[in-house]
Amino acid sequence: MIEALQANFPEHTIISHDERALYVVDEKPLKLGSGIRVHITDPGVHHVYLHNPRQIPLLFDCFPENSFWHEDGEQCKQCECIIFPKSCLPDDWVLAVEAKYASVETAFKKEIDYPNIMVTQIIDTITFLRNKGVIPNGKTVKALVAFPKLIEDFNAFFFTNTPSVEDILLNHRILIRAANFASIRNNRKLYLGELRDFDAM
Amino acid sequence: MSRITIKNIGPVTSVALELNRINVIMGPQSSGKSTIAKIVSFCQWAEKRYILDGNKFEYDFEEMFMEFHRIGDSYFSRDSAFIYESDFLKISQKGTNFKLKFESKKRNADFKKPKNIYIPAERNFVSVIPNLGKYNETNDNIMSFLYDWFDAKKNYNAVNPLPILNLGVEYAFDKEVDQLTLLKNKKILQLKDASSGLQSVTPLLMLIHYLTHGFYENSKSNSVYEREEVVKTIIDNLNTQIDGPDRDALNGFQDLNDNFVLTKENTDRLLKLVRNRGRYFFTNFIIEEPEQNLFPSTQRDLIYHLFSLILNTNRPHHLLITTHSPFVLYAINNCIMGKRISNDMPPEEYNELRSHMAWVDSHQISVWQMQAGQITSVLDERTGTVTKHYFNEIMNELLEEYYEMLNYFKDDRSTAS
């Protein structure tokens, strides 16, 4: 997967981390920078949290703006980043993350329709990467749609409109959950929206 | 598999469904869930009575259905009808003529006697009203439940208490008192003084536990009344069970003479009849709103416990529940999805899941939604689970209203200073 990514998108910078706690921040809406940045200590700003108690070595491709273009010249919607274990084995998980720094007042506003926009960003990114041969067609990808500024639980009712979680899984082979965090058990197991600790391997 | 069709009875306008091993009917208040449950319950009972009483039904429909389930005359009109069809017979009713029509479909010697229980929404009254044994003025589903409760609770005592899910509480019937022991401090309180949730779930759990296990383990078969009835039925039906020339010889035992020969086939048939009617084989549970008064996580645990008791036995217990709890529905979804992926998930992983003892094959469960007097299946053929249902629509409406108001929300903390 790493070779395919580098071959297709040489301009991307793929970074490696194996820390126990990883904080993914979109610095642009927070006016701290221009894109996605991964911190290894709590950055003190709203973030998506990856709990990695076994310190599994990971690779992050944090997409630069306007990363993906279709052959007809049309821009492809994209999410923030994809993350996967450094082992790059066929059964390893792949995680896509999309975050919106919306306030509680706007996060679920019907006319903005963030849930559908975010789901579309994830689906379009994964479909694009599948078409480029980066992600195998048959592989189910995991995805987080996150609202880092919302501290209250929101995941249970995120997908109450269509498409449902099942629709997305069946139609796009993407297992999606609305949450601000995930826990990594090993290179094959990742828990979306759960904070779990695991015994040492 | 039995099938029920109901037209224009109470809030139900048109419903046709095939009863599965586990049946879930969800819907708002007064949508007709309970009407369906009560008709099914009545038909299961009427079927048993008709067959055990020797192909006759000598009960009054108004008393045994309408009074028993507290269904008013107003539920019925000229257009009302229901038809219940099982492997053995068809029961039908039409209009406001409260006469039932029975049609036998096949020899009923194969009919295995079920224990039928209707657990009403009002079940927690057995927990709160003292000296209930004195009340015997009515014959309705509440009193019927009360008798079953009295019968069941004698089996749970200090030596053999009933754990109440994982709530750290045990029930025992001690010195004629319903007692709960809080395990963390061994404190004892009476059920009548416990929380409404415990008062609701204790009788429910006990009846389910007893009627899936103790009832059968104790080889409890028939009451004295039922034993007499079975003997009478067998004698009454000896004639009809034996075909051909032997029939005449059997007209009255006094006429039996040396010429009478029971063929092996007829003997086997009679033995099967005695076996199938002499004891209970399984329980038909009908439970109104199992979620009543329970915290969401307890609702979940109750469903897992209920399914595991009903499914993990060699008896073909059946279950019908009515619900308006999304938590019940999501718990059921976990039970269905668990079975679906059971071959792919490693045992060390699924053993950690709370639901894993309650997993059910999607072919063994049906989930319906009541709306405007009609019923629709809500199981998604792709996943076998419930993916779209009106709990989501209601949640959306709630959230929309909340977020509509948030548009006008001002943080008073900043203006106050």
# chains A, B, ... in the order shown; residues from 1 in each chain; ligands from 1

$ residues_around --residues "segment 178-185 of chain A" --least-positions-apart "3" --cutoff "6 Å" --atoms "only C-alpha atoms" --output "list of chain:residue names"
A:Val48, A:Tyr49, A:Leu50, A:His51, A:Asn52, A:Leu144, A:Val145, A:Ala146, A:Pro148, A:Asn155, A:Lys189, A:Leu190, A:Tyr191, A:Leu192, A:Gly193, A:Glu194, A:Leu195, A:Arg196

$ select_by_dssp --residues "segment 262-316 of chain B" --states "strand (DSSP E or B)" --output "list in words"
Phe282, Thr283, Asn284, Phe285, Ile286, Ile287 and Glu288 of chain B

$ closest_residue --among "B:Asn141, B:Ser14, B:Thr298, B:Thr385" --to "Ser31 of chain B" --atoms "only C-alpha atoms"
B:Ser14

$ atom_distance --atom1 "atom CA of Ser104 of chain B" --atom2 "atom CA of Asn55 of chain B"
8.1 Å

$ atom_distance --atom1 "atom CA of Val45 of chain A" --atom2 "atom CA of Asp124 of chain A"
27.9 Å

$ residues_around --residues "Cys79 of chain A" --least-positions-apart "5" --cutoff "8 Å" --atoms "only C-alpha atoms" --output "ChimeraX atom specification"
/A:63,96-99,118,121-122,125

$ write_last_selection --atoms "N, CA, C and O atoms" --output "short mmCIF file (atom, residue, chain, number, x, y, z; two decimals), in the first residue's frame"
data_model
loop_
_atom_site.label_atom_id
_atom_site.label_comp_id
_atom_site.auth_asym_id
_atom_site.auth_seq_id
_atom_site.Cartn_x
_atom_site.Cartn_y
_atom_site.Cartn_z
N PHE A 63 -3.52 14.25 3.88
CA PHE A 63 -3.63 14.75 2.51
C PHE A 63 -3.47 16.26 2.45
O PHE A 63 -4.17 16.99 3.17
N ALA A 96 -9.74 5.79 7.56
CA ALA A 96 -9.89 7.12 6.97
C ALA A 96 -10.52 8.03 8.02
O ALA A 96 -11.41 7.58 8.76
N VAL A 97 -10.07 9.27 8.07
CA VAL A 97 -10.60 10.20 9.07
C VAL A 97 -11.10 11.46 8.38
O VAL A 97 -10.41 12.03 7.53
N GLU A 98 -12.30 11.89 8.77
CA GLU A 98 -12.80 13.18 8.34
C GLU A 98 -13.28 13.92 9.58
O GLU A 98 -14.04 13.37 10.38
N ALA A 99 -12.82 15.14 9.75
CA ALA A 99 -13.19 15.91 10.94
C ALA A 99 -13.78 17.24 10.53
O ALA A 99 -13.33 17.87 9.57
N MET A 118 -19.72 14.71 5.08
CA MET A 118 -18.55 13.98 5.59
C MET A 118 -18.51 12.55 5.06
O MET A 118 -17.44 12.04 4.70
N GLN A 121 -17.31 12.66 1.57
CA GLN A 121 -15.86 12.88 1.50
C GLN A 121 -15.10 11.56 1.71
O GLN A 121 -14.12 11.27 1.02
N ILE A 122 -15.55 10.82 2.69
CA ILE A 122 -14.90 9.52 2.98
C ILE A 122 -15.08 8.57 1.78
O ILE A 122 -14.11 7.97 1.30
N THR A 125 -13.02 9.60 -1.28
CA THR A 125 -11.58 9.37 -1.09
C THR A 125 -11.24 7.89 -1.26
O THR A 125 -10.31 7.53 -1.99
#

$ residues_around --residues "Pro11 of chain B" --least-positions-apart "4" --cutoff "8 Å" --atoms "only C-alpha atoms" --output "ChimeraX atom specification"
/B:30-32,35,75,372-373

$ write_last_selection --atoms "N, CA, C and O atoms" --output "compact mmCIF listing (two decimals), in the first residue's frame"
# COMPACT_ATOMS: atom_id res chain seq x y z
N SER B 30 -50.98 2.40 21.60
CA SER B 30 -52.27 2.25 20.93
C SER B 30 -52.14 1.98 19.43
O SER B 30 -53.02 2.31 18.65
N SER B 31 -51.03 1.41 19.02
CA SER B 31 -50.86 1.14 17.59
C SER B 31 -51.39 -0.24 17.23
O SER B 31 -51.51 -0.58 16.05
N GLY B 32 -51.68 -1.06 18.24
CA GLY B 32 -52.23 -2.38 17.95
C GLY B 32 -51.29 -3.53 18.26
O GLY B 32 -51.63 -4.69 18.03
N THR B 35 -52.88 -5.77 20.78
CA THR B 35 -54.06 -6.45 20.22
C THR B 35 -53.61 -7.71 19.48
O THR B 35 -54.19 -8.79 19.63
N TYR B 75 -63.96 -2.95 20.04
CA TYR B 75 -62.86 -3.39 19.17
C TYR B 75 -63.39 -4.10 17.92
O TYR B 75 -62.69 -4.22 16.93
N ALA B 372 -50.13 2.93 11.56
CA ALA B 372 -51.47 3.16 10.99
C ALA B 372 -52.25 1.87 10.83
O ALA B 372 -52.88 1.63 9.80
N GLY B 373 -52.18 1.04 11.84
CA GLY B 373 -52.99 -0.17 11.86
C GLY B 373 -52.46 -1.31 11.00
O GLY B 373 -53.07 -2.36 10.91

$ select_by_dssp --residues "segment 106-195 of chain A" --states "helix (DSSP H, G or I)" --output "PyMOL selection string"
chain A and resi 106-107+114-131+155-160+165-172

$ residues_around --residues "Tyr84 of chain B" --least-positions-apart "6" --cutoff "12 Å" --atoms "only C-alpha atoms" --output "PyMOL selection string"
chain B and resi 1-7+15-19+36+39-47+90-93+100-104

$ closest_residue --among "A:Ile112, A:Val134, A:Ala102, A:Leu58" --to "Met1 of chain A" --atoms "only C-alpha atoms"
A:Val134

$ residues_around --residues "segment 207-213 of chain B" --least-positions-apart "2" --cutoff "7 Å" --atoms "only C-alpha atoms" --output "list in words"
Trp149, Ala152, Pro203, Leu204, Leu205, Phe215, Tyr216, Glu217, Thr283, Leu309 and Ile310 of chain B
